[in-house]
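Peer 1: Structure provided below as structure tokens; questions to follow.
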Amino acid sequence: MKKGRTQLLKSMLLVVMIFVACTSNAQKMKPSNSGYAPVNGIKVYYEVYGKGEPVILLHGAFYTIDMNWGALIPELSKTRKVIAIEMQGHGHSPFSERKLSINTLANDVEKVMDYLKIERADVAGYSMGGSVAYQFAVQSPKRLRKLVIISSTYKTEGWLPAVNNAFKDFKPEFFDNTPLKTGYDAVAPDKTKWKPFLMQMFDFSHVPFNVGDSNISKISAPVLLIAGDNDGLDKIELMKTYQLLGGGVTADLGPMPKSQLAIVPGQGHVSLMMQTQTILNYLNGFLK
């Protein structure tokens with residue numbers, strides 16, 4: 001059983017390598033503003049692009065801004081002010097011994113908004129960033145306009161058992177000679193923190209989390225859920241989430257719900273983020 005989980009994890013990392021290799025070939029835009037926001041005892045790196053209504057982007061685990069959002073930012077920033085954040089220990093943001101939790105990371109997002117004097121914004125999160133975005137919506141409802149969750153869940157049980165089991169076998173050596181390590185080395189302020197960062201993230205992934213059904217049902221902002229049909233999310237749980245948000249009704253017999261659900265066919269967790277035009281179309285339609 002353990003051998004099977006290890007093989008699954010290595011397969012997942014191979015797909016990540018392909019994704020990062022593809023995105024790294026795109027020409028990177030230069031931000032109009034970038035720097036570090038001092039928040040909750042740490043420094044959080046941010047980049048700002050474009051002008052207009054603000055949208056905050058939260059990346060997935062082990063990713064940098066460029067790895068996760070590099071293909072989308074040039075298009076999104078044509079009409080929006082894009083604020084992309086690198087969470088604790090990721091990318092340019094320094095490693096910290098502060099214990100990781102989605103509550104703390106969500107509070108970091110609000111503090112970055114305070115630092116940049118952004119009263120209210122749309123928030124889009126992918127994978128781990130989506131879990132943080134859910135928590136942000138619950139903790140800071142007055143700071144949120146609309147919420148976009150891409151291939152993510154607000155609770156551990158929202159993933160299929162195979163995904164949760166794979167996390168148990170994470171080892172630092174699996175990440176050697178991968179684009180994730182290369183991306184980290186390219187921008188991290190202290191490259192010697194790579195293994196401590198990995199171990200902190202492994203510990204973080206082992207702790208079950210649940211934002212709470214009742215809290216999700218109280219989110220007043222419109223929510224767009226985007227998932228690949230085979231992205232590792234439990235689709236029964238995803239449908240329950242959509243129902244908590246007011247969806248899953250017969251709109252022909254009543255009003256259309258303000259929240260939306262999009263299942264992209266033929267996509268896994270990583271490959272979904274490679275569908276740049278598809279995701280951009282959903283974002284532009286929902287965030288208008």
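For the structure tokens, the naming scheme is as follows: chains receive sequential letters (A, B, ...) according to their order of presentation, residues are indexed from 1 within each chain, and ligands are indexed from 1 in presentation order.
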Write out as an NGL selection string each polymer residue whose atoms come within 6 Å of Val55 in chain A, counting only C-alpha atoms; drop sequence neighbours fewer than 4 positions from it.
Peer 2: :A and (82 or 121-123)
Peer 1: Skipping near chain neighbours, those fewer than 3 positions away, what residues fall within 9 Å of Glu237 in chain A using only C-alpha atoms, listed as a count of residues only?
Peer 2: 9
Peer 1: Excluding same-chain residues fewer than 3 positions from Lys142 in chain A, what lies within 9 Å of it counting only C-alpha atoms, as a PyMOL selection string?
Peer 2: chain A and resi 119-120+137+139+145
Peer 1: Any chance you can output those residues with N, CA, C and O atoms as a PDB file, in the first residue's frame?
Peer 2:
```pdb
ATOM      1  N   GLU A 119      -9.312  48.334   0.714  1.00  0.00           N
ATOM      2  CA  GLU A 119     -10.419  48.117   1.633  1.00  0.00           C
ATOM      3  C   GLU A 119     -11.148  46.813   1.342  1.00  0.00           C
ATOM      4  O   GLU A 119     -11.517  46.068   2.254  1.00  0.00           O
ATOM      5  N   ARG A 120     -11.347  46.526   0.054  1.00  0.00           N
ATOM      6  CA  ARG A 120     -12.174  45.382  -0.348  1.00  0.00           C
ATOM      7  C   ARG A 120     -11.661  44.847  -1.673  1.00  0.00           C
ATOM      8  O   ARG A 120     -11.245  45.619  -2.539  1.00  0.00           O
ATOM      9  N   ALA A 137     -12.616  34.354   3.682  1.00  0.00           N
ATOM     10  CA  ALA A 137     -14.019  34.731   3.478  1.00  0.00           C
ATOM     11  C   ALA A 137     -14.799  34.662   4.781  1.00  0.00           C
ATOM     12  O   ALA A 137     -15.706  35.473   5.016  1.00  0.00           O
ATOM     13  N   GLN A 139     -13.306  34.764   7.995  1.00  0.00           N
ATOM     14  CA  GLN A 139     -12.708  35.655   8.982  1.00  0.00           C
ATOM     15  C   GLN A 139     -12.921  37.137   8.668  1.00  0.00           C
ATOM     16  O   GLN A 139     -13.055  37.958   9.588  1.00  0.00           O
ATOM     17  N   ARG A 145     -15.240  40.955  -1.845  1.00  0.00           N
ATOM     18  CA  ARG A 145     -16.312  41.245  -2.801  1.00  0.00           C
ATOM     19  C   ARG A 145     -16.819  39.953  -3.426  1.00  0.00           C
ATOM     20  O   ARG A 145     -17.971  39.581  -3.280  1.00  0.00           O
TER      21      ARG A 145
END
```
Peer 1: Considering only C-alpha atoms, state which residue in the set A:Ile226, A:Ile118, A:Leu180, A:Met239 is at the smallest distance from Asn281 in chain A.
Peer 2: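 Of A:Ile226, A:Ile118, A:Leu180, A:Met239, the one nearest Asn281 in chain A, counting only C-alpha atoms, is A:Ile226.
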Peer 1: Quick one: residues within 12 Å of range 35-42 of chain A, only C-alpha atoms, excluding same-chain residues fewer than 6 positions away - as a PyMOL selection string?
Peer 2: chain A and resi 48+83-89+91-100+103-117+189
Peer 1: One number please: CA of Ile279 in chain A to CA of Lys30 in chain A, in Å, one decimal.
Peer 2: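 CA of Lys30 in chain A lies 21.8 Å from CA of Ile279 in chain A.
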Peer 1: For Gly228 in chain A, which residue among A:Ile73, A:His90, A:Ser152, A:Trp194 is the nearest when counting only C-alpha atoms?
Peer 2: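 The closest residue to Gly228 in chain A is A:Ser152.
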Peer 1: Of the candidates A:Phe62, A:Met273, A:Gly266, A:Thr156, which one gets nearest to Thr178 in chain A if we count only C-alpha atoms?
Peer 2: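 Once distances to Thr178 in chain A are computed over only C-alpha atoms, the minimum belongs to A:Phe62.
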Peer 1: Could you go through range 73-173 of chain A and tell me which residues DSSP, when run on the backbone, assigns to strand (DSSP E or B), listing them as JSON, numbers by chain?
Peer 2: {"A": [81, 82, 83, 84, 85, 86, 121, 122, 123, 124, 125, 126, 144, 145, 146, 147, 148, 149, 150, 155, 159]}
Peer 1: In Å, rounded to a single decimal, give me how far CA of Ser151 in chain A is from CA of Met274 in chain A.
Peer 2: 12.4 Å
Peer 1: Near range 203-215 of chain A, counting only C-alpha atoms, which residues have an atom at most 7 Å away, once you skip same-chain residues fewer than 4 positions from it, shown as a PyMOL selection string?
Peer 2: chain A and resi 100+135+138+154-156+167-168+199+219
Peer 1: Mind pulling up the distance from CA of Val148 in chain A to CA of Leu225 in chain A?
Peer 2: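 CA of Leu225 in chain A sits 6.1 Å away from CA of Val148 in chain A.
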Peer 1: Name the residues of range 64-241 of chain A that come out as alpha helix (DSSP H) in a backbone DSSP run; write them as a ChimeraX atom specification.
Peer 2: /A:65-69,73-76,102-115,128-139,161-167,179-187,194-206,213-217,235-241
Peer 1: Neighbouring residues of Leu224 in chain A were defined as those with any atom within 12 Å, considering only C-alpha atoms; residues of the same chain fewer than 4 positions away were excluded. Please report them as a VMD selection string.
Peer 2: chain A and resid 122 to 126 130 133 to 134 145 to 152 238 241 to 242 245 to 247 257 to 263 279 282 to 287
Peer 1: Include N, CA and C atoms and write out the residues we just selected as a JSON list (two decimals), in the first residue's frame.
Peer 2:
```json
[["chain", "number", "residue", "atom", "x", "y", "z"],
["A", 122, "ASP", "N", -11.71, 41.23, -4.66],
["A", 122, "ASP", "CA", -12.01, 39.86, -5.05],
["A", 122, "ASP", "C", -10.80, 39.02, -4.66],
["A", 123, "VAL", "N", -11.03, 37.77, -4.31],
["A", 123, "VAL", "CA", -9.93, 36.88, -3.93],
["A", 123, "VAL", "C", -10.06, 35.58, -4.70],
["A", 124, "ALA", "N", -8.96, 35.15, -5.32],
["A", 124, "ALA", "CA", -8.93, 33.87, -6.03],
["A", 124, "ALA", "C", -7.80, 33.02, -5.47],
["A", 125, "GLY", "N", -8.12, 31.78, -5.10],
["A", 125, "GLY", "CA", -7.11, 30.90, -4.54],
["A", 125, "GLY", "C", -7.12, 29.55, -5.21],
["A", 126, "TYR", "N", -5.92, 29.02, -5.44],
["A", 126, "TYR", "CA", -5.76, 27.69, -6.05],
["A", 126, "TYR", "C", -5.19, 26.72, -5.02],
["A", 130, "GLY", "N", -6.66, 28.17, -2.11],
["A", 130, "GLY", "CA", -8.11, 28.16, -2.06],
["A", 130, "GLY", "C", -8.62, 27.90, -0.64],
["A", 133, "ALA", "N", -8.23, 31.03, 1.11],
["A", 133, "ALA", "CA", -9.26, 31.97, 0.64],
["A", 133, "ALA", "C", -10.61, 31.70, 1.30],
["A", 134, "TYR", "N", -10.96, 30.43, 1.48],
["A", 134, "TYR", "CA", -12.19, 30.09, 2.20],
["A", 134, "TYR", "C", -12.15, 30.66, 3.62],
["A", 145, "ARG", "N", -15.24, 40.95, -1.85],
["A", 145, "ARG", "CA", -16.31, 41.25, -2.80],
["A", 145, "ARG", "C", -16.82, 39.95, -3.43],
["A", 146, "LYS", "N", -15.94, 39.23, -4.13],
["A", 146, "LYS", "CA", -16.28, 37.93, -4.70],
["A", 146, "LYS", "C", -15.13, 36.97, -4.45],
["A", 147, "LEU", "N", -15.46, 35.68, -4.42],
["A", 147, "LEU", "CA", -14.49, 34.63, -4.09],
["A", 147, "LEU", "C", -14.42, 33.61, -5.21],
["A", 148, "VAL", "N", -13.20, 33.25, -5.61],
["A", 148, "VAL", "CA", -12.98, 32.21, -6.62],
["A", 148, "VAL", "C", -12.11, 31.12, -6.00],
["A", 149, "ILE", "N", -12.60, 29.89, -6.03],
["A", 149, "ILE", "CA", -11.88, 28.74, -5.49],
["A", 149, "ILE", "C", -11.57, 27.79, -6.64],
["A", 150, "ILE", "N", -10.28, 27.56, -6.87],
["A", 150, "ILE", "CA", -9.86, 26.71, -7.97],
["A", 150, "ILE", "C", -9.24, 25.42, -7.42],
["A", 151, "SER", "N", -9.88, 24.29, -7.71],
["A", 151, "SER", "CA", -9.40, 22.97, -7.31],
["A", 151, "SER", "C", -8.97, 22.95, -5.85],
["A", 152, "SER", "N", -9.92, 23.26, -4.98],
["A", 152, "SER", "CA", -9.60, 23.33, -3.56],
["A", 152, "SER", "C", -10.84, 23.01, -2.73],
["A", 238, "LEU", "N", -17.87, 18.29, -3.10],
["A", 238, "LEU", "CA", -17.88, 19.56, -3.82],
["A", 238, "LEU", "C", -19.31, 20.01, -4.09],
["A", 241, "THR", "N", -20.72, 21.38, -1.01],
["A", 241, "THR", "CA", -20.21, 22.74, -0.81],
["A", 241, "THR", "C", -21.02, 23.73, -1.62],
["A", 242, "TYR", "N", -21.27, 23.37, -2.86],
["A", 242, "TYR", "CA", -22.04, 24.27, -3.73],
["A", 242, "TYR", "C", -23.46, 24.47, -3.18],
["A", 245, "LEU", "N", -23.53, 26.94, -0.49],
["A", 245, "LEU", "CA", -23.41, 28.29, -1.03],
["A", 245, "LEU", "C", -24.66, 28.74, -1.79],
["A", 246, "GLY", "N", -25.69, 27.92, -1.76],
["A", 246, "GLY", "CA", -26.96, 28.29, -2.38],
["A", 246, "GLY", "C", -27.18, 27.74, -3.75],
["A", 247, "GLY", "N", -26.25, 26.91, -4.24],
["A", 247, "GLY", "CA", -26.36, 26.35, -5.59],
["A", 247, "GLY", "C", -27.02, 24.99, -5.60],
["A", 257, "PRO", "N", -28.89, 31.11, -8.57],
["A", 257, "PRO", "CA", -28.05, 31.42, -7.41],
["A", 257, "PRO", "C", -26.91, 32.35, -7.78],
["A", 258, "LYS", "N", -26.43, 33.12, -6.81],
["A", 258, "LYS", "CA", -25.35, 34.08, -7.08],
["A", 258, "LYS", "C", -24.00, 33.38, -7.21],
["A", 259, "SER", "N", -23.88, 32.17, -6.65],
["A", 259, "SER", "CA", -22.64, 31.41, -6.75],
["A", 259, "SER", "C", -22.71, 30.45, -7.94],
["A", 260, "GLN", "N", -21.53, 30.05, -8.42],
["A", 260, "GLN", "CA", -21.45, 29.24, -9.63],
["A", 260, "GLN", "C", -20.49, 28.08, -9.44],
["A", 261, "LEU", "N", -20.72, 27.03, -10.23],
["A", 261, "LEU", "CA", -19.87, 25.83, -10.21],
["A", 261, "LEU", "C", -19.47, 25.49, -11.64],
["A", 262, "ALA", "N", -18.16, 25.30, -11.85],
["A", 262, "ALA", "CA", -17.65, 24.94, -13.17],
["A", 262, "ALA", "C", -16.77, 23.70, -13.04],
["A", 263, "ILE", "N", -17.13, 22.64, -13.74],
["A", 263, "ILE", "CA", -16.32, 21.43, -13.80],
["A", 263, "ILE", "C", -15.69, 21.35, -15.19],
["A", 279, "ILE", "N", -9.84, 29.24, -17.74],
["A", 279, "ILE", "CA", -9.94, 29.87, -16.42],
["A", 279, "ILE", "C", -10.14, 31.37, -16.55],
["A", 282, "TYR", "N", -13.74, 32.14, -17.32],
["A", 282, "TYR", "CA", -14.58, 32.01, -16.12],
["A", 282, "TYR", "C", -14.39, 33.22, -15.19],
["A", 283, "LEU", "N", -13.15, 33.61, -14.99],
["A", 283, "LEU", "CA", -12.85, 34.73, -14.09],
["A", 283, "LEU", "C", -13.46, 36.03, -14.62],
["A", 284, "ASN", "N", -13.25, 36.29, -15.89],
["A", 284, "ASN", "CA", -13.78, 37.53, -16.47],
["A", 284, "ASN", "C", -15.30, 37.58, -16.42],
["A", 285, "GLY", "N", -15.94, 36.43, -16.64],
["A", 285, "GLY", "CA", -17.40, 36.39, -16.61],
["A", 285, "GLY", "C", -17.95, 36.57, -15.20],
["A", 286, "PHE", "N", -17.25, 36.00, -14.23],
["A", 286, "PHE", "CA", -17.76, 36.02, -12.85],
["A", 286, "PHE", "C", -17.40, 37.30, -12.11],
["A", 287, "LEU", "N", -16.21, 37.83, -12.34],
["A", 287, "LEU", "CA", -15.75, 38.97, -11.56],
["A", 287, "LEU", "C", -16.16, 40.33, -12.12]]
```
